[in-house]
file entry.txt (compact mmCIF, C-alpha atoms and all ligand atoms)
# COMPACT_ATOMS: atom_id res chain seq x y z
CA MET A 53 9.77 58.81 27.24
CA ASN A 54 12.18 58.39 30.13
CA ARG A 55 15.93 58.25 29.82
CA ARG A 56 16.13 54.47 30.00
CA GLN A 57 13.53 54.02 27.25
CA PHE A 58 15.43 56.46 25.08
CA ILE A 59 18.71 54.64 25.47
CA GLY A 60 17.18 51.18 25.35
CA GLY A 61 15.08 51.58 22.20
CA SER A 62 17.41 51.06 19.28
CA ALA A 63 14.84 52.24 16.73
CA VAL A 64 14.37 55.44 18.67
CA VAL A 65 18.12 55.89 18.97
CA ALA A 66 18.50 55.39 15.22
CA LEU A 67 15.70 57.84 14.49
CA ASN A 68 16.95 60.55 16.77
CA LEU A 69 20.54 60.24 15.76
CA ALA A 70 19.98 59.87 12.03
CA ALA A 71 20.34 63.59 11.48
CA LEU A 72 23.71 63.76 13.21
CA PRO A 73 27.07 62.86 11.70
CA ASP A 74 28.12 59.36 12.79
CA ALA A 75 30.76 60.27 15.31
CA LEU A 76 28.62 62.87 17.02
CA ALA A 77 25.68 60.50 17.01
CA ALA A 78 27.81 57.97 18.79
CA ILE A 79 28.40 60.17 21.75
CA ALA A 80 25.18 62.18 21.79
CA GLY A 81 22.67 59.44 22.56
CA HIS A 82 23.82 58.60 26.07
CA GLY A 83 22.43 59.83 29.31
CA GLY A 84 22.60 56.78 31.57
CA THR A 85 25.08 56.37 34.39
CA PRO A 86 28.27 54.44 33.59
CA GLN A 87 26.75 51.44 35.38
CA GLU A 88 23.52 51.66 33.36
CA THR A 89 25.37 52.08 30.09
CA LYS A 90 28.16 49.51 30.43
CA ASP A 91 26.15 46.64 28.88
CA ASN A 92 23.73 48.64 26.73
CA GLU A 93 24.72 47.26 23.35
CA HIS A 94 22.44 49.74 21.53
CA PHE A 95 24.51 52.55 22.95
CA TRP A 96 27.86 50.85 22.29
CA PHE A 97 26.80 50.02 18.75
CA GLN A 98 26.57 53.76 18.11
CA VAL A 99 30.04 54.24 19.60
CA GLN A 100 31.42 51.38 17.46
CA ARG A 101 29.97 53.11 14.39
CA ALA A 102 31.99 56.21 15.15
CA PHE A 103 35.09 54.18 14.19
CA THR A 104 35.89 52.62 10.83
CA VAL A 105 37.57 49.49 12.16
CA ASP A 106 37.92 46.46 9.91
CA ARG A 107 35.56 43.79 11.23
CA SER A 108 37.18 41.08 9.13
CA ILE A 109 39.74 40.85 11.90
CA ILE A 110 39.12 40.82 15.66
CA ASN A 111 41.55 43.30 17.11
CA LEU A 112 42.19 42.75 20.82
CA ASN A 113 45.31 44.89 21.00
CA SER A 114 43.97 48.38 21.57
CA GLY A 115 46.65 48.71 24.26
CA GLY A 116 49.35 48.69 21.57
CA VAL A 117 47.77 51.44 19.52
CA SER A 118 44.12 52.32 18.93
CA PRO A 119 42.28 53.38 15.81
CA SER A 120 40.89 56.91 16.03
CA PRO A 121 37.19 57.72 15.63
CA ALA A 122 36.38 58.90 12.10
CA VAL A 123 35.91 62.46 13.35
CA VAL A 124 39.53 62.50 14.58
CA HIS A 125 40.90 60.83 11.47
CA ASP A 126 39.01 63.27 9.25
CA ALA A 127 40.50 66.20 11.15
CA LEU A 128 43.97 64.73 10.69
CA LYS A 129 43.41 64.38 6.94
CA ARG A 130 41.92 67.89 6.69
CA HIS A 131 44.91 69.45 8.40
CA LEU A 132 47.32 67.38 6.27
CA ASP A 133 45.56 68.47 3.07
CA LEU A 134 45.68 72.13 4.00
CA SER A 135 49.30 71.82 5.01
CA ASN A 136 50.21 70.24 1.69
CA ALA A 137 48.58 73.12 -0.19
CA GLY A 138 51.53 75.29 0.85
CA PRO A 139 53.43 73.95 3.87
CA SER A 140 55.61 76.96 4.64
CA TYR A 141 52.52 79.14 4.84
CA PHE A 142 49.69 76.88 5.95
CA MET A 143 51.67 74.57 8.22
CA TRP A 144 53.83 77.17 9.92
CA ARG A 145 51.64 80.27 9.85
CA VAL A 146 48.09 78.88 10.06
CA LEU A 147 48.17 75.41 11.61
CA GLU A 148 51.12 75.41 14.00
CA PRO A 149 49.72 78.29 16.14
CA GLN A 150 46.54 76.21 16.58
CA ARG A 151 48.65 73.74 18.56
CA GLU A 152 47.98 76.02 21.53
CA THR A 153 44.31 75.00 21.45
CA ALA A 154 45.29 71.33 21.61
CA ARG A 155 47.54 72.12 24.59
CA THR A 156 44.66 73.84 26.39
CA ARG A 157 42.22 71.04 25.55
CA LEU A 158 44.63 68.38 26.89
CA ALA A 159 45.32 70.27 30.09
CA ARG A 160 41.70 70.09 31.26
CA PRO A 161 41.11 66.33 31.43
CA PHE A 162 44.57 65.90 32.96
CA GLY A 163 43.87 68.67 35.48
CA ALA A 164 46.93 70.80 34.83
CA ASP A 165 47.86 74.28 33.60
CA PRO A 166 48.39 74.37 29.81
CA GLU A 167 51.81 75.87 30.54
CA GLU A 168 52.74 72.49 32.05
CA ILE A 169 51.73 70.45 28.98
CA ALA A 170 54.09 69.63 26.11
CA ILE A 171 52.76 67.83 23.04
CA THR A 172 55.14 65.06 22.06
CA ARG A 173 55.09 62.33 19.43
CA ASN A 174 54.56 59.48 21.88
CA ALA A 175 55.16 58.40 25.47
CA SER A 176 58.72 57.33 24.66
CA GLU A 177 59.68 60.88 23.70
CA GLY A 178 58.23 62.39 26.88
CA LEU A 179 59.76 59.69 29.05
CA GLN A 180 63.19 59.91 27.44
CA THR A 181 63.10 63.69 27.82
CA CYS A 182 62.89 63.02 31.55
CA GLN A 183 65.22 60.03 31.61
CA PHE A 184 67.97 61.96 29.82
CA GLY A 185 66.99 65.37 31.19
CA PHE A 186 68.58 65.07 34.64
CA ASP A 187 72.34 65.41 35.12
CA LEU A 188 73.64 62.20 36.66
CA LYS A 189 77.20 61.13 37.35
CA ALA A 190 78.92 57.76 37.43
CA GLY A 191 77.74 55.73 40.40
CA ASP A 192 74.38 57.52 40.74
CA GLU A 193 71.53 55.04 40.98
CA VAL A 194 68.24 55.07 39.09
CA LEU A 195 65.45 52.80 40.29
CA CYS A 196 62.46 51.13 38.63
CA THR A 197 60.69 47.77 38.64
CA ASP A 198 61.74 44.96 36.33
CA GLN A 199 58.30 45.24 34.73
CA ASP A 200 58.78 48.78 33.46
CA TYR A 201 58.54 49.19 29.70
CA GLY A 202 61.44 47.64 27.78
CA ARG A 203 62.38 50.82 25.92
CA MET A 204 62.52 52.82 29.13
CA ILE A 205 64.81 50.23 30.74
CA THR A 206 66.93 50.27 27.57
CA THR A 207 67.21 54.05 27.94
CA PHE A 208 68.66 53.76 31.44
CA LYS A 209 70.93 50.91 30.31
CA GLN A 210 72.34 53.17 27.61
CA ARG A 211 73.06 55.86 30.22
CA ALA A 212 74.72 53.14 32.30
CA ARG A 213 77.01 52.21 29.38
CA ARG A 214 77.71 55.79 28.44
CA GLU A 215 77.94 57.56 31.80
CA GLY A 216 78.39 54.81 34.36
CA ILE A 217 75.09 55.31 36.19
CA VAL A 218 73.71 52.24 37.95
CA LEU A 219 70.25 50.83 37.15
CA LYS A 220 68.53 49.02 40.01
CA THR A 221 65.30 47.09 39.48
CA PHE A 222 63.08 44.99 41.70
CA PRO A 223 60.35 42.43 40.91
CA VAL A 224 56.59 42.94 41.09
CA PRO A 225 54.40 39.98 42.17
CA VAL A 226 52.24 38.37 39.45
CA PRO A 227 49.36 38.78 39.97
CA CYS A 228 49.70 41.66 42.42
CA ASP A 229 46.64 42.41 44.55
CA ASP A 230 48.41 44.54 47.14
CA PRO A 231 49.52 48.07 46.18
CA SER A 232 51.57 48.36 49.35
CA ALA A 233 53.91 45.62 48.02
CA ILE A 234 54.94 48.08 45.30
CA VAL A 235 55.55 50.94 47.71
CA THR A 236 57.62 48.60 49.89
CA GLY A 237 59.60 47.52 46.82
CA TYR A 238 60.62 51.11 46.13
CA GLN A 239 61.22 51.83 49.81
CA LYS A 240 63.57 48.86 50.26
CA ASN A 241 65.60 49.70 47.17
CA ILE A 242 66.13 53.42 47.75
CA THR A 243 69.72 54.07 48.87
CA PRO A 244 71.64 57.30 49.52
CA LYS A 245 72.83 57.01 45.90
CA THR A 246 69.32 56.89 44.36
CA LYS A 247 68.93 59.99 42.24
CA LEU A 248 65.95 59.18 40.00
CA ILE A 249 62.92 56.88 40.03
CA LEU A 250 60.87 55.67 37.06
CA MET A 251 57.50 54.08 37.70
CA SER A 252 54.69 52.88 35.45
CA HIS A 253 51.21 54.17 36.16
CA VAL A 254 49.98 50.99 34.47
CA ILE A 255 52.26 48.03 33.77
CA ASN A 256 51.86 47.11 30.12
CA LEU A 257 52.44 43.38 30.72
CA THR A 258 49.39 42.83 32.94
CA GLY A 259 47.45 46.12 33.08
CA LEU A 260 48.28 46.53 36.80
CA ILE A 261 47.71 50.07 38.16
CA LEU A 262 50.48 51.15 40.53
CA PRO A 263 50.11 53.44 43.58
CA VAL A 264 51.72 56.52 42.04
CA ARG A 265 50.70 58.99 44.74
CA GLU A 266 52.23 56.89 47.52
CA VAL A 267 55.52 56.30 45.68
CA VAL A 268 55.78 60.00 44.79
CA ALA A 269 55.22 60.91 48.46
CA LEU A 270 57.84 58.39 49.57
CA ALA A 271 60.38 59.65 47.03
CA ARG A 272 59.75 63.26 48.07
CA THR A 273 60.91 62.49 51.57
CA HIS A 274 64.23 61.45 49.97
CA VAL A 275 64.21 64.37 47.48
CA ILE A 276 64.18 61.94 44.52
CA PRO A 277 62.31 62.93 41.33
CA VAL A 278 59.80 60.34 40.05
CA ILE A 279 59.13 60.03 36.32
CA VAL A 280 55.69 58.51 35.82
CA ASP A 281 55.25 56.37 32.71
CA GLY A 282 51.57 56.99 31.98
CA ALA A 283 51.54 55.40 28.51
CA HIS A 284 48.51 53.32 29.52
CA GLY A 285 47.09 55.62 32.18
CA PHE A 286 45.71 58.82 30.68
CA ALA A 287 42.15 58.52 29.28
CA HIS A 288 42.02 54.79 30.14
CA PHE A 289 40.28 55.34 33.49
CA PRO A 290 39.29 58.48 35.39
CA PHE A 291 41.91 60.34 37.43
CA LYS A 292 43.31 63.84 37.62
CA HIS A 293 46.84 65.05 38.14
CA ALA A 294 45.93 66.04 41.71
CA ASP A 295 45.20 62.36 42.48
CA LEU A 296 48.78 61.44 41.62
CA ASP A 297 50.49 64.68 42.68
CA CYS A 298 53.47 63.75 40.49
CA ASP A 299 56.02 66.15 39.01
CA TYR A 300 56.65 64.40 35.67
CA TYR A 301 54.10 62.37 33.69
CA ALA A 302 54.43 61.19 30.08
CA THR A 303 51.75 59.39 28.10
CA SER A 304 50.84 58.24 24.61
CA LEU A 305 47.65 59.72 23.20
CA HIS A 306 47.29 57.08 20.45
CA LYS A 307 46.37 54.36 22.93
CA TRP A 308 43.46 55.34 25.16
CA LEU A 309 42.64 58.90 24.06
CA PHE A 310 42.22 57.68 20.44
CA ALA A 311 44.29 60.55 19.02
CA PRO A 312 46.16 59.93 15.73
CA VAL A 313 49.20 57.65 15.76
CA GLY A 314 52.19 59.79 16.72
CA CYS A 315 50.74 61.85 19.58
CA GLY A 316 51.92 62.04 23.16
CA MET A 317 51.82 64.37 26.14
CA LEU A 318 54.47 65.33 28.68
CA TYR A 319 53.46 67.03 31.92
CA VAL A 320 56.15 68.82 33.93
CA ARG A 321 55.29 70.80 37.07
CA LYS A 322 55.79 74.46 36.24
CA SER A 323 58.41 75.21 38.90
CA LEU A 324 60.49 72.23 37.70
CA ILE A 325 60.59 73.04 33.96
CA PRO A 326 63.83 75.06 34.23
CA GLY A 327 65.58 72.11 35.92
CA LEU A 328 64.86 69.57 33.17
CA TRP A 329 66.97 69.54 29.99
CA PRO A 330 65.06 69.04 26.72
CA LEU A 331 65.92 66.05 24.53
CA MET A 332 66.70 68.33 21.56
CA ALA A 333 68.42 71.60 22.27
CA ALA A 334 66.36 74.74 22.90
CA ASP A 335 67.32 78.39 23.21
CA GLU A 336 68.26 79.67 26.66
CA LYS A 337 65.29 82.07 26.52
CA GLN A 338 63.04 78.99 26.62
CA THR A 339 64.49 77.60 29.85
CA ALA A 340 61.25 78.01 31.80
CA ASP A 341 58.92 77.44 28.83
CA ILE A 342 57.21 74.04 28.45
CA ARG A 343 57.54 74.51 24.66
CA LYS A 344 61.27 73.85 24.93
CA PHE A 345 60.36 70.15 24.97
CA GLU A 346 58.75 70.57 21.53
CA GLU A 347 61.87 71.84 19.71
CA ILE A 348 62.07 68.84 17.39
CA GLY A 349 62.56 70.47 13.99
CA THR A 350 60.12 70.31 11.10
CA HIS A 351 57.21 67.99 11.81
CA PRO A 352 53.57 67.62 10.72
CA ALA A 353 51.16 70.01 12.45
CA ALA A 354 48.17 67.77 11.68
CA ASN A 355 48.71 65.13 14.37
CA ALA A 356 48.81 67.58 17.22
CA LEU A 357 45.79 69.53 15.99
CA ALA A 358 43.58 66.44 15.73
CA ILE A 359 44.15 65.91 19.47
CA SER A 360 41.39 68.46 20.10
CA GLU A 361 38.83 66.23 18.33
CA ALA A 362 40.07 63.24 20.34
CA VAL A 363 39.58 65.16 23.60
CA THR A 364 36.09 66.18 22.45
CA PHE A 365 35.22 62.56 21.71
CA HIS A 366 36.64 61.37 25.04
CA GLU A 367 34.77 64.01 27.03
CA GLY A 368 31.55 63.38 25.09
CA LEU A 369 31.76 59.68 25.81
CA GLY A 370 32.69 60.39 29.42
CA ALA A 371 35.78 59.07 31.21
CA GLU A 372 33.73 57.10 33.75
CA ARG A 373 31.45 55.56 31.13
CA LYS A 374 34.41 54.51 29.03
CA ALA A 375 36.25 52.98 32.01
CA GLU A 376 33.16 51.04 33.15
CA ARG A 377 32.71 49.61 29.66
CA LEU A 378 36.37 48.60 29.49
CA ARG A 379 36.09 46.87 32.85
CA TYR A 380 32.86 45.19 31.79
CA LEU A 381 34.50 43.81 28.62
CA ARG A 382 37.52 42.59 30.59
CA ASP A 383 35.29 40.88 33.15
CA ARG A 384 33.26 39.24 30.40
CA TRP A 385 36.19 37.35 28.86
CA VAL A 386 38.03 36.82 32.16
CA THR A 387 34.96 35.27 33.81
CA ARG A 388 34.48 32.87 30.93
CA LEU A 389 38.12 31.80 30.50
CA SER A 390 38.68 31.49 34.28
CA LYS A 391 36.27 28.53 34.24
CA LEU A 392 38.82 26.52 32.24
CA ASP A 393 41.04 24.41 34.50
CA ARG A 394 44.31 25.20 32.77
CA VAL A 395 43.77 28.95 32.45
CA LYS A 396 45.39 31.30 34.94
CA ILE A 397 44.65 35.03 35.04
CA LEU A 398 47.90 36.92 35.63
CA SER A 399 46.25 40.31 36.26
CA SER A 400 44.70 41.70 39.41
CA LEU A 401 40.91 41.92 39.25
CA LYS A 402 40.66 43.95 42.44
CA PRO A 403 38.75 47.23 42.08
CA GLY A 404 41.08 50.08 41.20
CA MET A 405 43.97 47.80 40.19
CA GLY A 406 43.07 47.42 36.53
CA TYR A 407 40.53 48.28 33.84
CA GLY A 408 40.61 47.25 30.20
CA VAL A 409 43.87 45.27 30.00
CA ALA A 410 44.43 41.77 31.38
CA THR A 411 46.70 38.83 30.67
CA PHE A 412 46.12 35.09 30.92
CA ALA A 413 48.24 31.97 30.57
CA VAL A 414 47.24 28.45 29.60
CA ASP A 415 49.14 25.70 31.35
CA GLY A 416 50.91 23.59 28.72
CA ILE A 417 50.40 26.00 25.78
CA ASP A 418 53.08 28.49 24.79
CA ALA A 419 51.60 32.02 24.68
CA GLY A 420 53.36 32.94 21.44
CA LYS A 421 52.07 29.78 19.73
CA LEU A 422 48.54 30.43 21.03
CA CYS A 423 48.59 33.96 19.60
CA GLU A 424 49.87 32.63 16.28
CA HIS A 425 47.06 30.07 16.29
CA LEU A 426 44.42 32.70 17.08
CA TRP A 427 45.64 34.78 14.16
CA GLU A 428 46.15 31.97 11.64
CA LYS A 429 42.88 30.15 12.35
CA ARG A 430 40.53 32.91 13.51
CA ARG A 431 42.06 36.25 12.49
CA ILE A 432 42.14 37.36 16.13
CA VAL A 433 44.89 39.75 17.22
CA ALA A 434 46.07 39.23 20.79
CA THR A 435 49.47 40.13 22.26
CA PRO A 436 51.98 37.50 23.33
CA ILE A 437 53.90 38.55 26.46
CA ASP A 438 57.29 36.94 26.92
CA HIS A 439 58.87 38.49 29.99
CA PRO A 440 60.80 36.63 32.70
CA ASP A 441 57.96 37.38 35.19
CA VAL A 442 54.99 37.23 32.82
CA LYS A 443 54.42 34.69 30.08
CA GLY A 444 50.91 34.92 28.71
CA VAL A 445 48.48 36.47 26.28
CA ARG A 446 47.51 40.11 26.81
CA VAL A 447 43.98 41.07 25.81
CA SER A 448 42.95 44.70 25.47
CA PRO A 449 39.55 45.35 23.88
CA SER A 450 38.25 48.91 23.59
CA VAL A 451 35.06 50.89 23.24
CA TRP A 452 34.98 49.95 19.55
CA THR A 453 35.09 46.21 20.33
CA GLN A 454 31.82 44.32 19.87
CA ARG A 455 30.78 42.05 22.70
CA GLU A 456 30.26 39.32 20.08
CA GLU A 457 33.90 39.67 19.00
CA LEU A 458 35.02 38.95 22.56
CA ASP A 459 32.72 35.93 22.69
CA LEU A 460 34.29 34.59 19.47
CA PHE A 461 37.70 35.05 21.06
CA CYS A 462 36.56 33.05 24.11
CA ASP A 463 35.19 30.30 21.81
CA ALA A 464 38.59 30.14 20.09
CA VAL A 465 40.58 29.91 23.34
CA GLU A 466 38.19 27.31 24.78
CA SER A 467 38.60 25.22 21.64
CA ALA A 468 42.41 25.57 21.77
CA VAL A 469 42.49 24.51 25.41
CA ARG A 470 40.24 21.49 24.77
CA ASN A 471 41.56 20.37 21.40
CA GLY A 472 45.08 21.76 21.18
CA LEU A 473 46.42 24.10 18.49
CA LYS A 474 44.95 22.26 15.52
C1 LIG B 501 54.25 51.13 29.76
C2 LIG B 501 54.64 51.72 28.45
N1 LIG B 501 55.51 52.73 28.43
C3 LIG B 501 55.90 53.32 27.28
C4 LIG B 501 55.41 52.89 26.08
C5 LIG B 501 55.87 53.56 24.83
O1 LIG B 501 54.80 54.15 24.19
P1 LIG B 501 55.00 54.75 22.73
O2 LIG B 501 55.39 53.61 21.84
O3 LIG B 501 53.69 55.33 22.39
O4 LIG B 501 56.08 55.74 22.83
C6 LIG B 501 54.51 51.83 26.03
C7 LIG B 501 53.99 51.32 24.75
O5 LIG B 501 53.29 50.36 24.65
C8 LIG B 501 54.12 51.23 27.24
O6 LIG B 501 53.26 50.20 27.27
call {"tool": "encode", "arguments": {"input": "entry.txt", "output": "structure tokens"}}
result
Amino acid sequence: MNRRQFIGGSAVVALNLAALPDALAAIAGHGGTPQETKDNEHFWFQVQRAFTVDRSIINLNSGGVSPSPAVVHDALKRHLDLSNAGPSYFMWRVLEPQRETARTRLARPFGADPEEIAITRNASEGLQTCQFGFDLKAGDEVLCTDQDYGRMITTFKQRARREGIVLKTFPVPVPCDDPSAIVTGYQKNITPKTKLILMSHVINLTGLILPVREVVALARTHVIPVIVDGAHGFAHFPFKHADLDCDYYATSLHKWLFAPVGCGMLYVRKSLIPGLWPLMAADEKQTADIRKFEEIGTHPAANALAISEAVTFHEGLGAERKAERLRYLRDRWVTRLSKLDRVKILSSLKPGMGYGVATFAVDGIDAGKLCEHLWEKRRIVATPIDHPDVKGVRVSPSVWTQREELDLFCDAVESAVRNGLK
């Protein structure tokens, strides 16, 4: 039997994988290239089975937060149970030291030294560590786009109210097919007063991937630190730290890595750790230790430990295979909805400028009302985007999404466009 026959024959797949636990079975039966696997529904059925998602709803908001595979969720529960058997012993003495394994596991797919990886509770915590961690004085400028994440803009606005710093933002074209427009945007808005830059790796409103490496290189010539908001970047599509060459990168792990809700990662280049203040105070001895960013008081050990299972699942599935599937799913619904006269795709479809997340608008139908309709009439979860630059519906399926679910979503939008929100 050749590889293709093995993957293609569902009965054979079922037979061979029957002896394995579900989640392992899901990732063990592959062997095709990402291109060969992207539309092999036998393979993706096994991956879908590794999750316990509720199929009585159609969840197209994996970008907000993703369910974890059962193997990850089981690990979380196992660690929680052990912790609860005697927290001061099991949580602090047994489980907490195992956090170091999770740190090491995370460092590999990101391509960094474990001593540069802090485990946080989400992207917001890592980003705010950086946003608050630099000393700034009144009049100093911080720069980002007006499509950066709302909470991160709010963070700078609070510093503006409290300390008198100045927040400068610039617009990003919608859709944006030209990465150099972003670099030019930063270039034009850097002034002698610019002391800090924030940039999204992926803009949450449209799924647009920004040219991080180029902006970091530009900022370096002006000696300006760049905080990269990688909430939607890490484990969504393949890249390594060396591809970005950034100094600060914060991400959520409960979006695309499928770790438990409440997991994030902060990367800080080793030589720069001493120069960044932690969000919660740490001892002076920890000045050069990445763990100073984890001094958050008593917290569950379970979430962080289950990250190791999430990394195992991600690596078993394969970053390239996952990304190709996400792009395939996006292209499937985008191709179908683009045929409708009144539908406009607000996301770039150019290679390298997006993967699983895209946003569309329907001329004459309010995006919020359309999302309400999809939920009320069809139990479909999609995300309304109401931003001055982007008004539309964001759709983010994942590896656990069935192709048929996407087709039902397209049926529902087609019907809404033709017949109105009845
Ligand atoms: C671009 C971006 N940055 C930051 C965040 C914050 O992530 P979290 O809520 O996991 O802290 C999000 C969440 O959706 C996001 O999309």
call {"tool": "residues_near_point", "arguments": {"input": "entry.txt", "point": "(49.7, 48.0, 26.9)", "cutoff": "10 Å", "atoms": "all atoms listed in the file", "output": "PyMOL selection string"}}
result
chain A and resi 113-117+201+254-259+283-285+307-308+408-410+435+446-448
call {"tool": "closest_residue", "arguments": {"input": "entry.txt", "among": "A:Ala233, A:Val267, A:Cys228, A:Ala354", "to": "His125 of chain A", "atoms": "only C-alpha atoms"}}
result
A:Ala354
call {"tool": "closest_residue", "arguments": {"input": "entry.txt", "among": "A:Arg214, A:His274, A:His306, A:Arg145", "to": "ligand LIG 501 (chain B)", "atoms": "only C-alpha atoms and all ligand atoms"}}
result
A:His306
call {"tool": "closest_residue", "arguments": {"input": "entry.txt", "among": "A:Glu372, A:Asp165, A:Asp198, A:Glu215", "to": "Gly237 of chain A", "atoms": "only C-alpha atoms"}}
result
A:Asp198
call {"tool": "residues_near_point", "arguments": {"input": "entry.txt", "point": "(52.4, 38.7, 26.7)", "cutoff": "9 Å", "atoms": "all atoms listed in the file", "output": "number ranges by chain"}}
result
A: 257-258, 411-413, 419-420, 434-439, 442-447
call {"tool": "write_last_selection", "arguments": {"input": "entry.txt", "atoms": "C-alpha atoms", "output": "mmCIF file, in the frame of the given file"}}
result
data_model
loop_
_atom_site.group_PDB
_atom_site.id
_atom_site.type_symbol
_atom_site.label_atom_id
_atom_site.label_comp_id
_atom_site.auth_asym_id
_atom_site.auth_seq_id
_atom_site.Cartn_x
_atom_site.Cartn_y
_atom_site.Cartn_z
ATOM 1 C CA LEU A 257 52.440 43.380 30.720
ATOM 2 C CA THR A 258 49.390 42.830 32.940
ATOM 3 C CA THR A 411 46.700 38.830 30.670
ATOM 4 C CA PHE A 412 46.120 35.090 30.920
ATOM 5 C CA ALA A 413 48.240 31.970 30.570
ATOM 6 C CA ALA A 419 51.600 32.020 24.680
ATOM 7 C CA GLY A 420 53.360 32.940 21.440
ATOM 8 C CA ALA A 434 46.070 39.230 20.790
ATOM 9 C CA THR A 435 49.470 40.130 22.260
ATOM 10 C CA PRO A 436 51.980 37.500 23.330
ATOM 11 C CA ILE A 437 53.900 38.550 26.460
ATOM 12 C CA ASP A 438 57.290 36.940 26.920
ATOM 13 C CA HIS A 439 58.870 38.490 29.990
ATOM 14 C CA VAL A 442 54.990 37.230 32.820
ATOM 15 C CA LYS A 443 54.420 34.690 30.080
ATOM 16 C CA GLY A 444 50.910 34.920 28.710
ATOM 17 C CA VAL A 445 48.480 36.470 26.280
ATOM 18 C CA ARG A 446 47.510 40.110 26.810
ATOM 19 C CA VAL A 447 43.980 41.070 25.810
#
call {"tool": "atom_distance", "arguments": {"input": "entry.txt", "atom1": "atom CA of Asp229 of chain A", "atom2": "atom CA of Ser400 of chain A"}}
result
5.5 Å
call {"tool": "closest_residue", "arguments": {"input": "entry.txt", "among": "A:Val105, A:Val313, A:Ala137, A:Cys196", "to": "ligand LIG 501 (chain B)", "atoms": "all atoms listed in the file"}}
result
A:Val313
call {"tool": "closest_residue", "arguments": {"input": "entry.txt", "among": "A:Leu158, A:Ala311, A:Cys298, A:Ile110", "to": "ligand LIG 501 (chain B)", "atoms": "only C-alpha atoms and all ligand atoms"}}
result
A:Ala311
call {"tool": "closest_residue", "arguments": {"input": "entry.txt", "among": "A:Val235, A:Ala358, A:Ala175, A:Ile205", "to": "ligand LIG 501 (chain B)", "atoms": "only C-alpha atoms and all ligand atoms"}}
result
A:Ala175
call {"tool": "atom_distance", "arguments": {"input": "entry.txt", "atom1": "atom CA of Tyr319 of chain A", "atom2": "atom C3 of ligand LIG 501 (chain B)"}}
result
14.7 Å
call {"tool": "residues_around", "arguments": {"input": "entry.txt", "residues": "segment 315-318 of chain A", "least_positions_apart": "4", "cutoff": "8 Å", "atoms": "all atoms listed in the file", "output": "count of residues only"}}
result
21
call {"tool": "residues_around", "arguments": {"input": "entry.txt", "residues": "Arg431 of chain A", "least_positions_apart": "3", "cutoff": "10 Å", "atoms": "all atoms listed in the file", "output": "MDAnalysis selection string"}}
result
chainID A and resid 108:111 423:428 434 461
call {"tool": "atom_distance", "arguments": {"input": "entry.txt", "atom1": "atom CA of Asp192 of chain A", "atom2": "atom CA of Ile276 of chain A"}}
result
11.7 Å
call {"tool": "residues_around", "arguments": {"input": "entry.txt", "residues": "Gln87 of chain A", "least_positions_apart": "2", "cutoff": "8 Å", "atoms": "only C-alpha atoms", "output": "number ranges by chain"}}
result
A: 84-85, 89-90, 373, 376
call {"tool": "residues_around", "arguments": {"input": "entry.txt", "residues": "segment 340-352 of chain A", "least_positions_apart": "3", "cutoff": "9 Å", "atoms": "all atoms listed in the file", "output": "VMD selection string"}}
result
chain A and resid 132 135 143 148 166 to 172 178 181 318 to 320 322 to 327 329 to 337 355 to 356
call {"tool": "axis_aligned_box", "arguments": {"input": "entry.txt", "around": "ligand LIG 501 (chain B)", "padding_each_side": "6 Å", "output": "lines of an AutoDock Vina configuration file"}}
result
center_x = 54.7
center_y = 53.0
center_z = 25.8
size_x = 14.8
size_y = 17.5
size_z = 19.9
